[in-house]
>>> print(open('structure00.pdb').read())   # PDB, C-alpha atoms, pLDDT in the B column
MODEL        1
ATOM      1  CA  MET H 259     -15.218   8.385   5.717  1.00 97.00           C
ATOM      2  CA  THR H 260     -12.123   6.558   6.928  1.00 98.00           C
ATOM      3  CA  ILE H 261      -8.991   6.509   4.771  1.00 98.00           C
ATOM      4  CA  THR H 262      -6.339   3.916   5.610  1.00 98.00           C
ATOM      5  CA  LEU H 263      -2.837   2.984   4.561  1.00 98.00           C
ATOM      6  CA  GLU H 264      -3.311  -0.694   5.401  1.00 98.00           C
ATOM      7  CA  ARG H 265       0.254  -2.001   5.667  1.00 97.00           C
ATOM      8  CA  ARG H 266       1.316   0.942   7.809  1.00 97.00           C
ATOM      9  CA  GLY H 267      -1.825   0.610   9.951  1.00 98.00           C
ATOM     10  CA  VAL H 268      -2.582   4.335   9.818  1.00 98.00           C
ATOM     11  CA  SER H 269      -6.025   5.849   9.291  1.00 98.00           C
ATOM     12  CA  CYS H 270      -7.595   9.267   9.200  1.00 98.00           C
ATOM     13  CA  VAL H 271     -11.165  10.507   9.123  1.00 98.00           C
ATOM     14  CA  ALA H 272     -12.462  12.750   6.334  1.00 98.00           C
ATOM     15  CA  GLU H 273     -15.665  14.743   6.278  1.00 98.00           C
ATOM     16  CA  LEU H 274     -17.575  14.804   2.993  1.00 98.00           C
ATOM     17  CA  LEU H 275     -18.158  18.262   1.499  1.00 98.00           C
ATOM     18  CA  GLU H 276     -21.697  17.519   0.372  1.00 98.00           C
ATOM     19  CA  LYS H 277     -22.650  21.167  -0.211  1.00 98.00           C
ATOM     20  CA  ASP H 278     -19.579  21.861  -2.365  1.00 98.00           C
ATOM     21  CA  ALA H 279     -19.347  18.572  -4.291  1.00 98.00           C
ATOM     22  CA  PRO H 280     -22.691  16.743  -3.992  1.00 98.00           C
ATOM     23  CA  ARG H 281     -22.353  14.571  -7.119  1.00 97.00           C
ATOM     24  CA  THR H 282     -18.828  13.474  -6.257  1.00 98.00           C
ATOM     25  CA  CYS H 283     -19.743  12.757  -2.629  1.00 98.00           C
ATOM     26  CA  GLU H 284     -22.741  10.663  -3.650  1.00 97.00           C
ATOM     27  CA  ALA H 285     -20.801   8.690  -6.263  1.00 97.00           C
ATOM     28  CA  VAL H 286     -17.951   7.892  -3.863  1.00 97.00           C
ATOM     29  CA  TRP H 287     -20.154   7.227  -0.809  1.00 97.00           C
ATOM     30  CA  GLU H 288     -22.422   4.819  -2.697  1.00 96.00           C
ATOM     31  CA  SER H 289     -19.380   2.901  -3.965  1.00 96.00           C
ATOM     32  CA  LEU H 290     -17.508   2.472  -0.669  1.00 97.00           C
ATOM     33  CA  PRO H 291     -15.426   0.587   0.242  1.00 97.00           C
ATOM     34  CA  LEU H 292     -12.894   1.435  -2.464  1.00 97.00           C
ATOM     35  CA  GLY H 293      -9.173   0.900  -2.554  1.00 97.00           C
ATOM     36  CA  GLY H 294      -6.130  -0.376  -4.314  1.00 94.00           C
ATOM     37  CA  GLU H 295      -2.373  -0.112  -4.552  1.00 94.00           C
ATOM     38  CA  ALA H 296      -1.012   3.088  -3.028  1.00 96.00           C
ATOM     39  CA  TYR H 297       1.232   5.366  -5.052  1.00 93.00           C
ATOM     40  CA  HIS H 298       3.057   8.557  -4.171  1.00 96.00           C
ATOM     41  CA  ALA H 299       2.847  11.343  -6.747  1.00 92.00           C
ATOM     42  CA  LYS H 300       5.917  12.166  -8.790  1.00 86.00           C
ATOM     43  CA  TYR H 301       4.999  15.698  -9.840  1.00 83.00           C
ATOM     44  CA  ALA H 302       2.034  16.955  -7.782  1.00 88.00           C
ATOM     45  CA  ARG H 303       4.226  16.833  -4.661  1.00 94.00           C
ATOM     46  CA  ASN H 304       2.561  15.755  -1.379  1.00 97.00           C
ATOM     47  CA  GLU H 305      -0.031  13.320  -2.709  1.00 97.00           C
ATOM     48  CA  VAL H 306      -0.767   9.648  -2.121  1.00 98.00           C
ATOM     49  CA  TYR H 307      -3.375   8.069  -4.362  1.00 96.00           C
ATOM     50  CA  THR H 308      -4.915   4.890  -5.674  1.00 95.00           C
ATOM     51  CA  MET H 309      -6.593   4.171  -8.972  1.00 90.00           C
ATOM     52  CA  VAL H 310      -9.800   2.173  -9.188  1.00 91.00           C
ATOM     53  CA  GLU H 311     -12.110   1.117 -12.002  1.00 86.00           C
ATOM     54  CA  ARG H 312     -14.836   3.581 -12.837  1.00 85.00           C
ATOM     55  CA  PHE H 313     -17.654   3.022 -10.376  1.00 88.00           C
ATOM     56  CA  THR H 314     -20.292   5.292 -11.847  1.00 85.00           C
ATOM     57  CA  ASP H 315     -22.049   5.113 -15.202  1.00 79.00           C
ATOM     58  CA  GLU H 316     -22.656   8.868 -15.326  1.00 83.00           C
ATOM     59  CA  ALA H 317     -19.695  11.234 -15.480  1.00 87.00           C
ATOM     60  CA  VAL H 318     -19.522  13.240 -12.268  1.00 93.00           C
ATOM     61  CA  GLY H 319     -18.087  16.289 -14.009  1.00 93.00           C
ATOM     62  CA  GLN H 320     -16.235  19.096 -12.314  1.00 96.00           C
ATOM     63  CA  GLU H 321     -17.369  20.473  -8.995  1.00 97.00           C
ATOM     64  CA  ASN H 322     -15.341  22.270  -6.347  1.00 98.00           C
ATOM     65  CA  PRO H 323     -12.255  21.920  -8.590  1.00 97.00           C
ATOM     66  CA  THR H 324      -8.707  22.830  -7.667  1.00 98.00           C
ATOM     67  CA  VAL H 325      -5.226  22.691  -9.159  1.00 97.00           C
ATOM     68  CA  THR H 326      -3.637  23.743  -5.842  1.00 97.00           C
ATOM     69  CA  PRO H 327      -4.833  21.263  -3.197  1.00 98.00           C
ATOM     70  CA  ILE H 328      -3.984  21.984   0.424  1.00 98.00           C
ATOM     71  CA  PRO H 329      -3.100  19.601   3.273  1.00 98.00           C
ATOM     72  CA  GLY H 330      -6.127  17.500   4.161  1.00 98.00           C
ATOM     73  CA  ASP H 331      -7.839  17.784   0.774  1.00 98.00           C
ATOM     74  CA  VAL H 332      -9.363  14.537  -0.518  1.00 98.00           C
ATOM     75  CA  VAL H 333      -9.602  14.771  -4.291  1.00 98.00           C
ATOM     76  CA  PHE H 334     -11.392  12.835  -7.071  1.00 98.00           C
ATOM     77  CA  PHE H 335     -10.051  12.641 -10.632  1.00 95.00           C
ATOM     78  CA  ASP H 336     -11.766  10.907 -13.556  1.00 91.00           C
ATOM     79  CA  PHE H 337      -9.258   9.992 -16.259  1.00 83.00           C
ATOM     80  CA  HIS H 338     -10.506   8.699 -19.600  1.00 72.00           C
ATOM     81  CA  GLY H 339      -8.257   6.141 -21.266  1.00 60.00           C
ATOM     82  CA  GLY H 340      -6.563   8.584 -23.614  1.00 51.00           C
ATOM     83  CA  MET H 341      -5.509  10.957 -20.857  1.00 54.00           C
ATOM     84  CA  LEU H 342      -2.889   8.644 -19.357  1.00 56.00           C
ATOM     85  CA  ASP H 343       0.176   7.637 -21.324  1.00 52.00           C
ATOM     86  CA  ARG H 344       0.779   4.004 -22.269  1.00 52.00           C
ATOM     87  CA  GLY H 345       3.821   3.514 -20.035  1.00 55.00           C
ATOM     88  CA  PHE H 346       2.012   4.875 -16.993  1.00 54.00           C
ATOM     89  CA  LYS H 347      -1.012   2.642 -17.629  1.00 51.00           C
ATOM     90  CA  GLU H 348       1.184  -0.429 -18.076  1.00 62.00           C
ATOM     91  CA  GLU H 349       3.186   0.376 -14.928  1.00 62.00           C
ATOM     92  CA  LYS H 350      -0.048   0.603 -12.898  1.00 56.00           C
ATOM     93  CA  ASN H 351      -1.597  -2.419 -14.678  1.00 56.00           C
ATOM     94  CA  ILE H 352      -4.590  -0.375 -15.820  1.00 55.00           C
ATOM     95  CA  HIS H 353      -3.787  -0.435 -19.540  1.00 55.00           C
ATOM     96  CA  GLU H 354      -6.847  -2.515 -20.450  1.00 61.00           C
ATOM     97  CA  LEU H 355      -9.349  -0.226 -18.703  1.00 54.00           C
ATOM     98  CA  PRO H 356     -11.216   2.476 -20.679  1.00 64.00           C
ATOM     99  CA  GLY H 357     -10.413   4.923 -17.890  1.00 73.00           C
ATOM    100  CA  VAL H 358      -9.934   5.095 -14.150  1.00 84.00           C
ATOM    101  CA  ILE H 359     -10.932   7.029 -11.081  1.00 91.00           C
ATOM    102  CA  ASP H 360      -8.004   8.423  -9.098  1.00 93.00           C
ATOM    103  CA  LEU H 361      -8.731   8.913  -5.389  1.00 97.00           C
ATOM    104  CA  ALA H 362      -6.078  11.076  -3.752  1.00 98.00           C
ATOM    105  CA  ILE H 363      -5.198  12.611  -0.433  1.00 98.00           C
ATOM    106  CA  PHE H 364      -2.906  15.597  -0.032  1.00 98.00           C
ATOM    107  CA  TYR H 365      -0.864  15.758   3.150  1.00 98.00           C
ATOM    108  CA  GLY H 366       1.469  18.729   2.772  1.00 97.00           C
ATOM    109  CA  ARG H 367       1.709  22.199   1.250  1.00 95.00           C
ATOM    110  CA  ASN H 368       2.796  23.544  -2.143  1.00 95.00           C
ATOM    111  CA  ASN H 369       0.981  21.077  -4.404  1.00 95.00           C
ATOM    112  CA  LEU H 370       0.412  21.897  -8.046  1.00 94.00           C
ATOM    113  CA  LEU H 371      -1.673  19.752 -10.394  1.00 95.00           C
ATOM    114  CA  LEU H 372       0.239  20.360 -13.597  1.00 91.00           C
ATOM    115  CA  ASN H 373       1.091  17.469 -15.916  1.00 83.00           C
ATOM    116  CA  GLY H 374       3.832  17.983 -18.470  1.00 80.00           C
ATOM    117  CA  ASP H 375       1.920  15.982 -21.099  1.00 78.00           C
ATOM    118  CA  VAL H 376      -1.552  17.499 -20.806  1.00 80.00           C
ATOM    119  CA  GLY H 377      -1.295  20.704 -18.743  1.00 87.00           C
ATOM    120  CA  TRP H 378      -3.507  21.589 -15.795  1.00 92.00           C
ATOM    121  CA  VAL H 379      -5.314  18.639 -14.188  1.00 92.00           C
ATOM    122  CA  PRO H 380      -8.081  19.956 -11.924  1.00 96.00           C
ATOM    123  CA  GLY H 381      -9.580  17.567  -9.407  1.00 97.00           C
ATOM    124  CA  ASN H 382     -12.791  17.679  -7.368  1.00 98.00           C
ATOM    125  CA  VAL H 383     -12.206  18.383  -3.674  1.00 98.00           C
ATOM    126  CA  TYR H 384     -14.998  16.325  -2.136  1.00 98.00           C
ATOM    127  CA  ALA H 385     -13.793  15.792   1.433  1.00 98.00           C
ATOM    128  CA  THR H 386     -11.394  17.171   3.993  1.00 98.00           C
ATOM    129  CA  ILE H 387      -9.405  15.256   6.591  1.00 98.00           C
ATOM    130  CA  VAL H 388     -10.693  16.300  10.026  1.00 98.00           C
ATOM    131  CA  GLU H 389      -8.937  13.760  12.248  1.00 98.00           C
ATOM    132  CA  GLY H 390      -5.524  12.100  12.067  1.00 98.00           C
ATOM    133  CA  LEU H 391      -3.882  14.251   9.382  1.00 98.00           C
ATOM    134  CA  ASP H 392      -0.573  14.429  11.311  1.00 98.00           C
ATOM    135  CA  ARG H 393      -0.272  10.628  11.574  1.00 98.00           C
ATOM    136  CA  MET H 394      -1.380  10.162   7.973  1.00 98.00           C
ATOM    137  CA  ALA H 395       1.117  12.784   6.766  1.00 98.00           C
ATOM    138  CA  GLU H 396       3.949  10.894   8.484  1.00 98.00           C
ATOM    139  CA  ALA H 397       2.807   7.637   6.879  1.00 98.00           C
ATOM    140  CA  CYS H 398       2.442   9.278   3.441  1.00 98.00           C
ATOM    141  CA  ASN H 399       5.926  10.733   3.740  1.00 97.00           C
ATOM    142  CA  ASP H 400       7.156   7.223   4.546  1.00 97.00           C
ATOM    143  CA  VAL H 401       5.518   6.009   1.316  1.00 97.00           C
ATOM    144  CA  TRP H 402       7.620   8.669  -0.449  1.00 95.00           C
ATOM    145  CA  ARG H 403      10.865   7.744   1.333  1.00 95.00           C
ATOM    146  CA  SER H 404      10.506   3.970   1.761  1.00 94.00           C
ATOM    147  CA  GLY H 405       8.251   3.125  -1.168  1.00 91.00           C
ATOM    148  CA  GLY H 406       4.684   2.034  -1.622  1.00 90.00           C
ATOM    149  CA  VAL H 407       5.225  -1.554  -2.776  1.00 92.00           C
ATOM    150  CA  GLY H 408       2.695  -3.736  -0.972  1.00 94.00           C
ATOM    151  CA  GLU H 409       0.809  -0.746   0.444  1.00 97.00           C
ATOM    152  CA  ARG H 410      -2.925  -0.247  -0.130  1.00 97.00           C
ATOM    153  CA  LEU H 411      -4.917   2.961   0.211  1.00 98.00           C
ATOM    154  CA  VAL H 412      -8.483   2.146   1.263  1.00 98.00           C
ATOM    155  CA  TYR H 413     -11.559   4.353   1.601  1.00 98.00           C
ATOM    156  CA  ALA H 414     -14.444   3.086   3.744  1.00 98.00           C
ATOM    157  CA  ARG H 415     -17.535   4.352   5.503  1.00 96.00           C
ATOM    158  CA  HIS H 416     -16.535   5.671   8.920  1.00 91.00           C
ATOM    159  CA  GLY H 417     -17.321   3.108  11.567  1.00 72.00           C
ATOM    160  CA  GLY H 418     -18.217   0.545   8.911  1.00 55.00           C
TER     161      GLY H 418
ENDMDL
END
>>> encode(input="structure00.pdb", output="structure tokens")
Amino acid sequence: MTITLERRGVSCVAELLEKDAPRTCEAVWESLPLGGEAYHAKYARNEVYTMVERFTDEAVGQENPTVTPIPGDVVFFDFHGGMLDRGFKEEKNIHELPGVIDLAIFYGRNNLLLNGDVGWVPGNVYATIVEGLDRMAEACNDVWRSGGVGERLVYARHGG
């Protein structure tokens, strides 16, 4: 899978972890390409993510979960509508959706998936970045420093 920050023109390649997260891999792979506005995490630390409409009728459920993602982890979160606060949903223009899928990449160390409103927020690690993590980390850090306005994070089939 190729993951791209479009405006910055930076991509990396991630390998699906089909043995560890088969349901998540299948759901994401069958729905590619996926993408949307890029955001940098406020609390999780070194994370850039996008939120997309739910693309699967069946809940994927937890598999290969973590609350301490490492650099190169590609993580799937499924948030039902009540999990996200009103202000956050309005800010991201997702307030009318019943829930969203959060597709995230982690590019640095010392991440902790703890939300002050709801507690621990485990995500499914379904892929790992195997090529281009250094370039992507620089671009993600630039999203943190310069802002993500106008940036899109896009997931696509590698070579497609």
>>> atom_distance(input="structure00.pdb", atom1="CA of Gly377 (chain H)", atom2="CA of Asp278 (chain H)")
24.6 Å
>>> residues_around(input="structure00.pdb", residues="Ala285 (chain H)", least_positions_apart="3", cutoff="8 Å", atoms="only C-alpha atoms", output="list in words")
Arg281, Thr282, Glu288, Ser289, Phe313, Thr314 and Val318 of chain H
>>> write_last_selection(input="structure00.pdb", atoms="C-alpha atoms", output="compact mmCIF listing (two decimals), in the coordinates of the input")
# COMPACT_ATOMS: atom_id res chain seq x y z
CA ARG H 281 -22.35 14.57 -7.12
CA THR H 282 -18.83 13.47 -6.26
CA GLU H 288 -22.42 4.82 -2.70
CA SER H 289 -19.38 2.90 -3.96
CA PHE H 313 -17.65 3.02 -10.38
CA THR H 314 -20.29 5.29 -11.85
CA VAL H 318 -19.52 13.24 -12.27
>>> resolve_selection(input="structure00.pdb", expression="the PyMOL selection byres ((chain H and resi 262-272) around 7)", output="PDB file with C-alpha atoms, keeping the file's coordinate frame")
ATOM      1  CA  MET H 259     -15.218   8.385   5.717  1.00 97.00           C
ATOM      2  CA  THR H 260     -12.123   6.558   6.928  1.00 98.00           C
ATOM      3  CA  ILE H 261      -8.991   6.509   4.771  1.00 98.00           C
ATOM      4  CA  GLU H 273     -15.665  14.743   6.278  1.00 98.00           C
ATOM      5  CA  LEU H 274     -17.575  14.804   2.993  1.00 98.00           C
ATOM      6  CA  ALA H 385     -13.793  15.792   1.433  1.00 98.00           C
ATOM      7  CA  THR H 386     -11.394  17.171   3.993  1.00 98.00           C
ATOM      8  CA  ILE H 387      -9.405  15.256   6.591  1.00 98.00           C
ATOM      9  CA  VAL H 388     -10.693  16.300  10.026  1.00 98.00           C
ATOM     10  CA  GLU H 389      -8.937  13.760  12.248  1.00 98.00           C
ATOM     11  CA  GLY H 390      -5.524  12.100  12.067  1.00 98.00           C
ATOM     12  CA  LEU H 391      -3.882  14.251   9.382  1.00 98.00           C
ATOM     13  CA  ARG H 393      -0.272  10.628  11.574  1.00 98.00           C
ATOM     14  CA  MET H 394      -1.380  10.162   7.973  1.00 98.00           C
ATOM     15  CA  ALA H 397       2.807   7.637   6.879  1.00 98.00           C
ATOM     16  CA  GLU H 409       0.809  -0.746   0.444  1.00 97.00           C
ATOM     17  CA  ARG H 410      -2.925  -0.247  -0.130  1.00 97.00           C
ATOM     18  CA  LEU H 411      -4.917   2.961   0.211  1.00 98.00           C
ATOM     19  CA  VAL H 412      -8.483   2.146   1.263  1.00 98.00           C
ATOM     20  CA  TYR H 413     -11.559   4.353   1.601  1.00 98.00           C
TER      21      TYR H 413
END
>>> atom_distance(input="structure00.pdb", atom1="CA of Lys277 (chain H)", atom2="CA of Leu292 (chain H)")
22.1 Å
>>> resolve_selection(input="structure00.pdb", expression="the PyMOL selection byres ((chain H and resi 359) around 10)", output="ChimeraX atom specification")
/H:308-314,334-338,357-358,360-362
>>> write_last_selection(input="structure00.pdb", atoms="C-alpha atoms", output="short mmCIF file (atom, residue, chain, number, x, y, z; two decimals), in the coordinates of the input")
data_model
loop_
_atom_site.label_atom_id
_atom_site.label_comp_id
_atom_site.auth_asym_id
_atom_site.auth_seq_id
_atom_site.Cartn_x
_atom_site.Cartn_y
_atom_site.Cartn_z
CA THR H 308 -4.92 4.89 -5.67
CA MET H 309 -6.59 4.17 -8.97
CA VAL H 310 -9.80 2.17 -9.19
CA GLU H 311 -12.11 1.12 -12.00
CA ARG H 312 -14.84 3.58 -12.84
CA PHE H 313 -17.65 3.02 -10.38
CA THR H 314 -20.29 5.29 -11.85
CA PHE H 334 -11.39 12.84 -7.07
CA PHE H 335 -10.05 12.64 -10.63
CA ASP H 336 -11.77 10.91 -13.56
CA PHE H 337 -9.26 9.99 -16.26
CA HIS H 338 -10.51 8.70 -19.60
CA GLY H 357 -10.41 4.92 -17.89
CA VAL H 358 -9.93 5.10 -14.15
CA ASP H 360 -8.00 8.42 -9.10
CA LEU H 361 -8.73 8.91 -5.39
CA ALA H 362 -6.08 11.08 -3.75
#
